[in-house]
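Inspection log for the structure reproduced underneath, given as structure tokens.
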Amino acid sequence: MKEMTSREETDAALGEETALLFKYSMTCPISANARQEMDSLLSGGEPVPVYRVDVNARREVSDYVAERTGVQHESPQVILLRGGRPVWDADRFGVTAGAIREQLGLAAPGG
């Protein structure tokens with residue numbers, strides 16, 4: 001998982017064929033749950049490039065993600081990009097490893 005700290009890094013993420021953008025807060029308990037879900041997703045390796053942004057530390061980057069994708073800002077939030085365009089997003093308790101795996105067409109672990 002790569003931390004996005006600039007507009008240029010956001011533009012690079014949007015240039016990927018398929019990528020996940022993960023927006024979170026280090027101070028929010030709901031974000032802590034979402035980070036655990038992302039860790040679960042990534043425990044077997046990154047199925048696609050994953051970029052994350054701490055919305056408190058990098059608010060300008062978080063706002064730029066919303067501007068570039070057209071997806072209203074939420075936190076925590078995950079956005080699935082295909083060809084640089086958002087095709088799916090989830091926020092708050094909707095950020096689950098299972099939901100992301102489903103959107104990526106991946107089988108559940110052990111299944």
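Chain labels run A, B, ... following the order of the structure tokens; each chain numbers its residues from 1, and ligands are numbered from 1 in the order shown.
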
Close residues, Ala97 of chain A itself excluded, 7 Å, only C-alpha atoms, min 5 positions apart in chain, as a PyMOL selection string: chain A and resi 37-38+40-41

Kindly export the residues of the current selection with C-alpha atoms, as a compact mmCIF listing (two decimals), in the first residue's frame.
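Saved to part_2.txt:
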```txt
# COMPACT_ATOMS: atom_id res chain seq x y z
CA GLU A 37 -10.50 -4.66 6.65
CA MET A 38 -7.86 -3.36 4.24
CA SER A 40 -7.31 -8.41 5.79
CA LEU A 41 -7.70 -7.80 2.05
```

Give me the residues near Ile79 of chain A as an MDAnalysis selection string, where near means some atom within 12 Å (using only C-alpha atoms) and where sequence neighbours in that chain fewer than 3 positions away do not count. chainID A and resid 13:14 18:24 49:53 62 65:66 68:76 82 84:91 94:95 99:100 103:104

Would you mind writing down, as a PDB file with C-alpha atoms, in the first residue's frame, each residue of chain A that DSSP on the backbone assigns to alpha helix (DSSP H)?
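File produced: part02.pdb:
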```
ATOM      1  CA  ARG A   7      -1.520  15.668  -6.416  1.00  0.00           C
ATOM      2  CA  GLU A   8       1.157  14.111  -8.623  1.00  0.00           C
ATOM      3  CA  GLU A   9       0.923  10.801  -6.744  1.00  0.00           C
ATOM      4  CA  THR A  10      -2.865  10.962  -7.063  1.00  0.00           C
ATOM      5  CA  ASP A  11      -2.545  11.520 -10.807  1.00  0.00           C
ATOM      6  CA  ALA A  12      -0.203   8.500 -11.001  1.00  0.00           C
ATOM      7  CA  ALA A  13      -2.775   6.357  -9.157  1.00  0.00           C
ATOM      8  CA  LEU A  14      -5.453   7.528 -11.586  1.00  0.00           C
ATOM      9  CA  PRO A  29     -12.633   4.445  15.264  1.00  0.00           C
ATOM     10  CA  ILE A  30     -14.651   3.657  12.115  1.00  0.00           C
ATOM     11  CA  SER A  31     -11.485   4.256  10.087  1.00  0.00           C
ATOM     12  CA  ALA A  32      -9.630   1.877  12.408  1.00  0.00           C
ATOM     13  CA  ASN A  33     -12.156  -0.805  11.470  1.00  0.00           C
ATOM     14  CA  ALA A  34     -11.725  -0.009   7.768  1.00  0.00           C
ATOM     15  CA  ARG A  35      -7.915  -0.205   8.113  1.00  0.00           C
ATOM     16  CA  GLN A  36      -8.324  -3.698   9.615  1.00  0.00           C
ATOM     17  CA  GLU A  37     -10.504  -4.658   6.649  1.00  0.00           C
ATOM     18  CA  MET A  38      -7.863  -3.365   4.243  1.00  0.00           C
ATOM     19  CA  ASP A  39      -5.165  -5.288   6.130  1.00  0.00           C
ATOM     20  CA  SER A  40      -7.307  -8.414   5.787  1.00  0.00           C
ATOM     21  CA  LEU A  41      -7.703  -7.800   2.051  1.00  0.00           C
ATOM     22  CA  LEU A  42      -3.972  -7.314   1.610  1.00  0.00           C
ATOM     23  CA  ARG A  59      -6.674  17.089   3.395  1.00  0.00           C
ATOM     24  CA  GLU A  60      -5.615  18.782   0.146  1.00  0.00           C
ATOM     25  CA  VAL A  61      -4.892  15.372  -1.414  1.00  0.00           C
ATOM     26  CA  SER A  62      -8.192  13.974  -0.148  1.00  0.00           C
ATOM     27  CA  ASP A  63     -10.058  16.938  -1.654  1.00  0.00           C
ATOM     28  CA  TYR A  64      -8.159  16.469  -4.927  1.00  0.00           C
ATOM     29  CA  VAL A  65      -9.232  12.808  -5.055  1.00  0.00           C
ATOM     30  CA  ALA A  66     -12.867  13.913  -4.701  1.00  0.00           C
ATOM     31  CA  GLU A  67     -12.389  16.573  -7.380  1.00  0.00           C
ATOM     32  CA  ARG A  68     -10.693  14.227  -9.864  1.00  0.00           C
ATOM     33  CA  THR A  69     -12.971  11.213  -9.342  1.00  0.00           C
ATOM     34  CA  ALA A  97     -12.471  -6.931   2.564  1.00  0.00           C
ATOM     35  CA  GLY A  98     -15.345  -9.087   1.309  1.00  0.00           C
ATOM     36  CA  ALA A  99     -17.044  -6.256  -0.578  1.00  0.00           C
ATOM     37  CA  ILE A 100     -13.766  -5.203  -2.184  1.00  0.00           C
ATOM     38  CA  ARG A 101     -12.894  -8.793  -3.141  1.00  0.00           C
ATOM     39  CA  GLU A 102     -16.321  -9.139  -4.724  1.00  0.00           C
ATOM     40  CA  GLN A 103     -15.830  -5.969  -6.779  1.00  0.00           C
ATOM     41  CA  LEU A 104     -12.398  -7.197  -7.897  1.00  0.00           C
TER      42      LEU A 104
END
```

For Gly45 of chain A, which of A:Met1, A:Met26, A:Leu80, A:Gly15 is the closest residue, counting only C-alpha atoms? A:Met1

Please run DSSP on the backbone and report, as a VMD selection string, all residues within segment 41-73 of chain A that come out as strand (DSSP E). chain A and resid 50 to 54

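Of note, atom CA of Gln77 of chain A and atom CA of Leu106 of chain A are spaced 19.7 Å apart.
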